[in-house]
Amino acid sequence: MLDKKDNQGQTWIKNQVMDQGLCTGCAACVGLCPYQKFYRDQTVIVHECDRTWGRCSAYCPRGQVDLNGLRQAMFDSADFTPELGAVKGLYMTRANDPQIRDRAQHGGTVSTMVALALEQGLIDTAILAGREENQRSEGVAVTDPSRVASLAGSKFCVSPTVAKFNEASQDGPSKIGVVATPCQALALARMRVYPQPGDEERINNLELVIGLFCGWALSWRELNRLIREKVGSAHIKSMDIPPSKHQIMELHTDNGIITIPMEEVQACVRESCRYCYDLTCEFSDLSVGSARSNAGWDVDRGWNQVLVRTEKGQALLDLARSRGLLEFKAVPVENLEKLKAASLGKKNTCAAQLEEVSGSKDDLIYTRREALLCQ
Ligand SMILES: Cc1cc2nc3c(=O)[nH]c(=O)nc-3n(C[C@H](O)[C@H](O)[C@H](O)COP(=O)(O)OP(=O)(O)OC[C@H]3O[C@@H](n4cnc5c(N)ncnc54)[C@H](O)[C@@H]3O)c2cc1C
Ligand code: SF4
Ligand code: SF4
């Protein structure tokens, strides 16, 4: 398998990822040596290193990745769909607990399953994203299930979640669950399937990955500029993006809801997200996004769509159902095809962007074009 070709140390990361605008801020290269740090929403090099091998570059989701090798190693090939990766089932769910739903981004499915996994001892630590001042996000390790709901809600700037996993996984044997965006889940998949010498034990601690659908994340600097312009000093409680036909972002503030036209929000998207092929977090046990259907946003708001990808993911979802923690509703028949089309749309956009910067139709910097589809 060719997944190690790019492991060429920090110089490679700097030249091939950071300087090319490809760094996703997943923070997989942070915490494995003292020379990379996370600052605001960026991974920065604080000391140059000339080693030609390093764990810093080994797990980068923008290193040359053998996507099909990873898929074959992690999933049942009988479940493969070209557009969405492994799919055992698609569900529509929301938390039964109204207190979780109140705090959650959509239906609170993620918070419900994380808390359940902790309660059941399936994991003993959950790595989640906490909100810091001014829309900054931090990785938080949680062991108490009653704390999970307090970290619910989407942070639209990247969180150094994988750095927190790197830190927690070095503390001896444990069972860690991570809530991850697609780029973070890909970094974790590279760790799992191709651990570097000396890293095997630490990575064995990774027990569960709950993935988030992700269209893009926002640049911290640009988001704060936009917020200053639109809401001044009002406190922002949460943000939401209704389906694309509404063409707005909602900021929920102490003074009510303020809407921002989507074209202004799009201008704040991180450059690296334009080179990202994965909408539905293909390298997770189950992935969760907002619900969408022909019934419209008034009906779908407050619900999630869930793609189950592994037996472990299925078992957790089934347990949440049998305990009455999640409410389920029928998934409209057309939803799977719609999700496939949306996922394919992101892959095609990403391929077009990468084609432009690489000058090649097939060799798309971190992957070959054909590998964007799951085979
Ligand atoms: C940057 C970003 C972009 C997204 N884009 C889309 C999209 O285009 N389409 C779509 O359907 N869904 C998207 N989502 C997912 C969606 O916003 C919800 O996270 C998902 O529907 C789960 O909802 P929930 O109510 O179950 O989550 P909750 O119960 O509220 O739990 C959310 C969990 O996500 C974690 N989290 C929050 N922000 C981050 C972050 N930045 N990085 C890592 N973990 C985080 C929290 O710690 C929490 O555990 C996006 C999420 C993020 C963070
Ligand atoms: S591992 Fe993540 S944070 Fe580090 S260079 Fe690669 S994309 Fe950036
Ligand atoms: S769009 Fe891709 S690169 Fe950007 S935050 Fe989401 S998963 Fe990461």
# chains A, B, ... in the order shown; residues from 1 in each chain; ligands from 1
>>> residues_near_ligand(ligand="ligand 1", cutoff="6 Å", atoms="only C-alpha atoms and all ligand atoms", output="PyMOL selection string")
chain A and resi 104-111+128-130+151-159+179-181+212-217+288-290+304
>>> select_by_dssp(residues="segment 172-328 of chain A", states="helix (DSSP H, G or I)", output="ChimeraX atom specification")
/A:182-193,200-203,220-231,244-246,262-266,271-275,297-300,311-322
>>> write_last_selection(atoms="C-alpha atoms", output="PDB file, in the first residue's frame")
ATOM      1  CA  PRO A 182     -14.412  14.504   7.717  1.00  0.00           C
ATOM      2  CA  CYS A 183     -10.815  15.776   7.516  1.00  0.00           C
ATOM      3  CA  GLN A 184     -10.264  14.849  11.163  1.00  0.00           C
ATOM      4  CA  ALA A 185     -11.821  11.422  10.663  1.00  0.00           C
ATOM      5  CA  LEU A 186      -9.513  10.826   7.686  1.00  0.00           C
ATOM      6  CA  ALA A 187      -6.465  11.686   9.825  1.00  0.00           C
ATOM      7  CA  LEU A 188      -7.715   9.259  12.502  1.00  0.00           C
ATOM      8  CA  ALA A 189      -8.259   6.584   9.832  1.00  0.00           C
ATOM      9  CA  ARG A 190      -4.650   6.972   8.692  1.00  0.00           C
ATOM     10  CA  MET A 191      -3.517   6.551  12.304  1.00  0.00           C
ATOM     11  CA  ARG A 192      -5.658   3.465  12.737  1.00  0.00           C
ATOM     12  CA  VAL A 193      -4.680   1.687   9.535  1.00  0.00           C
ATOM     13  CA  GLU A 200       0.401   1.351  17.764  1.00  0.00           C
ATOM     14  CA  GLU A 201      -0.539   1.172  21.443  1.00  0.00           C
ATOM     15  CA  ARG A 202      -1.700   4.764  21.652  1.00  0.00           C
ATOM     16  CA  ILE A 203      -3.871   4.432  18.558  1.00  0.00           C
ATOM     17  CA  TRP A 220     -11.808  32.487  12.321  1.00  0.00           C
ATOM     18  CA  ARG A 221     -10.469  35.874  11.269  1.00  0.00           C
ATOM     19  CA  GLU A 222     -13.052  36.366   8.487  1.00  0.00           C
ATOM     20  CA  LEU A 223     -15.956  35.167  10.632  1.00  0.00           C
ATOM     21  CA  ASN A 224     -15.093  37.642  13.368  1.00  0.00           C
ATOM     22  CA  ARG A 225     -14.828  40.472  10.859  1.00  0.00           C
ATOM     23  CA  LEU A 226     -18.290  39.577   9.535  1.00  0.00           C
ATOM     24  CA  ILE A 227     -19.762  39.313  13.030  1.00  0.00           C
ATOM     25  CA  ARG A 228     -18.332  42.689  14.088  1.00  0.00           C
ATOM     26  CA  GLU A 229     -19.901  44.206  10.992  1.00  0.00           C
ATOM     27  CA  LYS A 230     -23.333  42.564  11.438  1.00  0.00           C
ATOM     28  CA  VAL A 231     -23.949  42.254  15.173  1.00  0.00           C
ATOM     29  CA  SER A 244     -29.276  26.071   0.683  1.00  0.00           C
ATOM     30  CA  LYS A 245     -32.424  27.384  -1.019  1.00  0.00           C
ATOM     31  CA  HIS A 246     -32.801  29.882   1.856  1.00  0.00           C
ATOM     32  CA  MET A 262     -24.915  33.294   2.070  1.00  0.00           C
ATOM     33  CA  GLU A 263     -22.640  34.960  -0.472  1.00  0.00           C
ATOM     34  CA  GLU A 264     -21.078  36.986   2.361  1.00  0.00           C
ATOM     35  CA  VAL A 265     -20.645  33.829   4.434  1.00  0.00           C
ATOM     36  CA  GLN A 266     -19.132  31.939   1.481  1.00  0.00           C
ATOM     37  CA  GLU A 271      -9.349  28.028   1.572  1.00  0.00           C
ATOM     38  CA  SER A 272      -8.557  24.385   2.395  1.00  0.00           C
ATOM     39  CA  CYS A 273     -12.256  23.455   2.463  1.00  0.00           C
ATOM     40  CA  ARG A 274     -12.425  24.180  -1.249  1.00  0.00           C
ATOM     41  CA  TYR A 275     -10.069  21.205  -1.733  1.00  0.00           C
ATOM     42  CA  TRP A 297     -37.322  22.929   6.645  1.00  0.00           C
ATOM     43  CA  ASP A 298     -40.254  23.573   9.005  1.00  0.00           C
ATOM     44  CA  VAL A 299     -40.707  19.792   9.288  1.00  0.00           C
ATOM     45  CA  ASP A 300     -37.035  18.788   9.103  1.00  0.00           C
ATOM     46  CA  GLU A 311     -21.337  -2.777  13.029  1.00  0.00           C
ATOM     47  CA  LYS A 312     -20.136  -0.801  16.033  1.00  0.00           C
ATOM     48  CA  GLY A 313     -22.055   2.230  14.797  1.00  0.00           C
ATOM     49  CA  GLN A 314     -25.154   0.122  14.178  1.00  0.00           C
ATOM     50  CA  ALA A 315     -24.980  -1.402  17.662  1.00  0.00           C
ATOM     51  CA  LEU A 316     -24.779   2.037  19.285  1.00  0.00           C
ATOM     52  CA  LEU A 317     -27.719   3.385  17.282  1.00  0.00           C
ATOM     53  CA  ASP A 318     -29.788   0.259  18.047  1.00  0.00           C
ATOM     54  CA  LEU A 319     -28.980   0.602  21.741  1.00  0.00           C
ATOM     55  CA  ALA A 320     -30.104   4.260  21.717  1.00  0.00           C
ATOM     56  CA  ARG A 321     -33.365   3.135  20.077  1.00  0.00           C
ATOM     57  CA  SER A 322     -33.996   0.269  22.503  1.00  0.00           C
TER      58      SER A 322
END
>>> residues_around(residues="Ala163 of chain A", least_positions_apart="4", cutoff="6 Å", atoms="only C-alpha atoms", output="ChimeraX atom specification")
/A:27-28,30-31
>>> closest_atom_pairs(of="segment 226-343 of chain A", to="segment 63-82 of chain A", cutoff="10 Å", atoms="only C-alpha atoms", output="CSV")
residue,atom,partner,partner_atom,distance
A:Glu282,CA,A:Arg71,CA,8.7
A:Phe283,CA,A:Arg71,CA,7.7
A:Ser284,CA,A:Met74,CA,9.2
A:Asp285,CA,A:Phe75,CA,9.2
A:Arg309,CA,A:Phe75,CA,7.3
A:Thr310,CA,A:Phe75,CA,6.5
A:Glu311,CA,A:Phe75,CA,9.2
A:Lys340,CA,A:Pro82,CA,8.6
A:Ser343,CA,A:Pro82,CA,9.9
>>> closest_residue(among="A:Ser150, A:Gln196, A:Thr161, A:Thr52", to="ligand 2", atoms="only C-alpha atoms and all ligand atoms")
A:Thr161
>>> residues_around(residues="Met239 of chain A", least_positions_apart="6", cutoff="8 Å", atoms="only C-alpha atoms", output="ChimeraX atom specification")
/A:154,249-252
>>> write_last_selection(atoms="N, CA and C atoms", output="mmCIF file, in the first residue's frame")
data_model
loop_
_atom_site.group_PDB
_atom_site.id
_atom_site.type_symbol
_atom_site.label_atom_id
_atom_site.label_comp_id
_atom_site.auth_asym_id
_atom_site.auth_seq_id
_atom_site.Cartn_x
_atom_site.Cartn_y
_atom_site.Cartn_z
ATOM 1 N N SER A 154 -22.812 23.225 16.829
ATOM 2 C CA SER A 154 -21.695 23.289 15.874
ATOM 3 C C SER A 154 -20.861 24.527 16.100
ATOM 4 N N MET A 249 -27.367 32.583 6.497
ATOM 5 C CA MET A 249 -26.893 31.999 7.749
ATOM 6 C C MET A 249 -27.617 32.755 8.863
ATOM 7 N N GLU A 250 -28.034 32.032 9.897
ATOM 8 C CA GLU A 250 -28.714 32.695 11.023
ATOM 9 C C GLU A 250 -27.746 32.806 12.201
ATOM 10 N N LEU A 251 -27.638 33.998 12.764
ATOM 11 C CA LEU A 251 -26.895 34.173 14.015
ATOM 12 C C LEU A 251 -27.929 34.385 15.113
ATOM 13 N N HIS A 252 -27.959 33.504 16.084
ATOM 14 C CA HIS A 252 -28.915 33.612 17.190
ATOM 15 C C HIS A 252 -28.237 34.416 18.301
#
>>> residues_near_ligand(ligand="ligand 2", cutoff="8 Å", atoms="only C-alpha atoms and all ligand atoms", output="NGL selection string")
:A and (13-14 or 17-18 or 22-30 or 42-43 or 56-57 or 59-63 or 183-184 or 187)
>>> residues_around(residues="Ala352 of chain A", least_positions_apart="4", cutoff="12 Å", atoms="only C-alpha atoms", output="ChimeraX atom specification")
/A:274-277,345-348,356-364,369
>>> write_last_selection(atoms="C-alpha atoms", output="mmCIF file, in the first residue's frame")
data_model
loop_
_atom_site.group_PDB
_atom_site.id
_atom_site.type_symbol
_atom_site.label_atom_id
_atom_site.label_comp_id
_atom_site.auth_asym_id
_atom_site.auth_seq_id
_atom_site.Cartn_x
_atom_site.Cartn_y
_atom_site.Cartn_z
ATOM 1 C CA ARG A 274 -12.425 24.180 -1.249
ATOM 2 C CA TYR A 275 -10.069 21.205 -1.733
ATOM 3 C CA CYS A 276 -12.071 18.805 0.422
ATOM 4 C CA TYR A 277 -13.918 15.907 -1.213
ATOM 5 C CA GLY A 345 -21.381 17.402 -6.012
ATOM 6 C CA LYS A 346 -18.741 18.078 -3.341
ATOM 7 C CA LYS A 347 -16.366 15.520 -4.859
ATOM 8 C CA ASN A 348 -16.732 17.081 -8.322
ATOM 9 C CA GLU A 356 -6.723 23.736 -11.437
ATOM 10 C CA VAL A 357 -3.914 23.922 -8.873
ATOM 11 C CA SER A 358 -2.235 20.624 -9.798
ATOM 12 C CA GLY A 359 -2.534 21.044 -13.573
ATOM 13 C CA SER A 360 -3.399 17.337 -13.768
ATOM 14 C CA LYS A 361 -6.731 15.636 -14.384
ATOM 15 C CA ASP A 362 -5.838 12.486 -12.473
ATOM 16 C CA ASP A 363 -3.118 13.299 -9.954
ATOM 17 C CA LEU A 364 -5.048 15.550 -7.560
ATOM 18 C CA ARG A 369 -9.178 11.306 -9.043
#
>>> select_by_dssp(residues="segment 14-79 of chain A", states="strand (DSSP E or B)", output="ChimeraX atom specification")
/A:36-39,42-45
>>> write_last_selection(atoms="C-alpha atoms", output="PDB file, in the first residue's frame")
ATOM      1  CA  GLN A  36       3.633  22.344  15.793  1.00  0.00           C
ATOM      2  CA  LYS A  37       1.040  24.286  17.768  1.00  0.00           C
ATOM      3  CA  PHE A  38      -2.554  25.270  17.217  1.00  0.00           C
ATOM      4  CA  TYR A  39      -3.214  29.028  17.353  1.00  0.00           C
ATOM      5  CA  GLN A  42      -4.410  27.567  12.397  1.00  0.00           C
ATOM      6  CA  THR A  43      -1.716  24.978  12.856  1.00  0.00           C
ATOM      7  CA  VAL A  44       1.591  26.827  13.036  1.00  0.00           C
ATOM      8  CA  ILE A  45       5.230  25.744  13.048  1.00  0.00           C
TER       9      ILE A  45
END
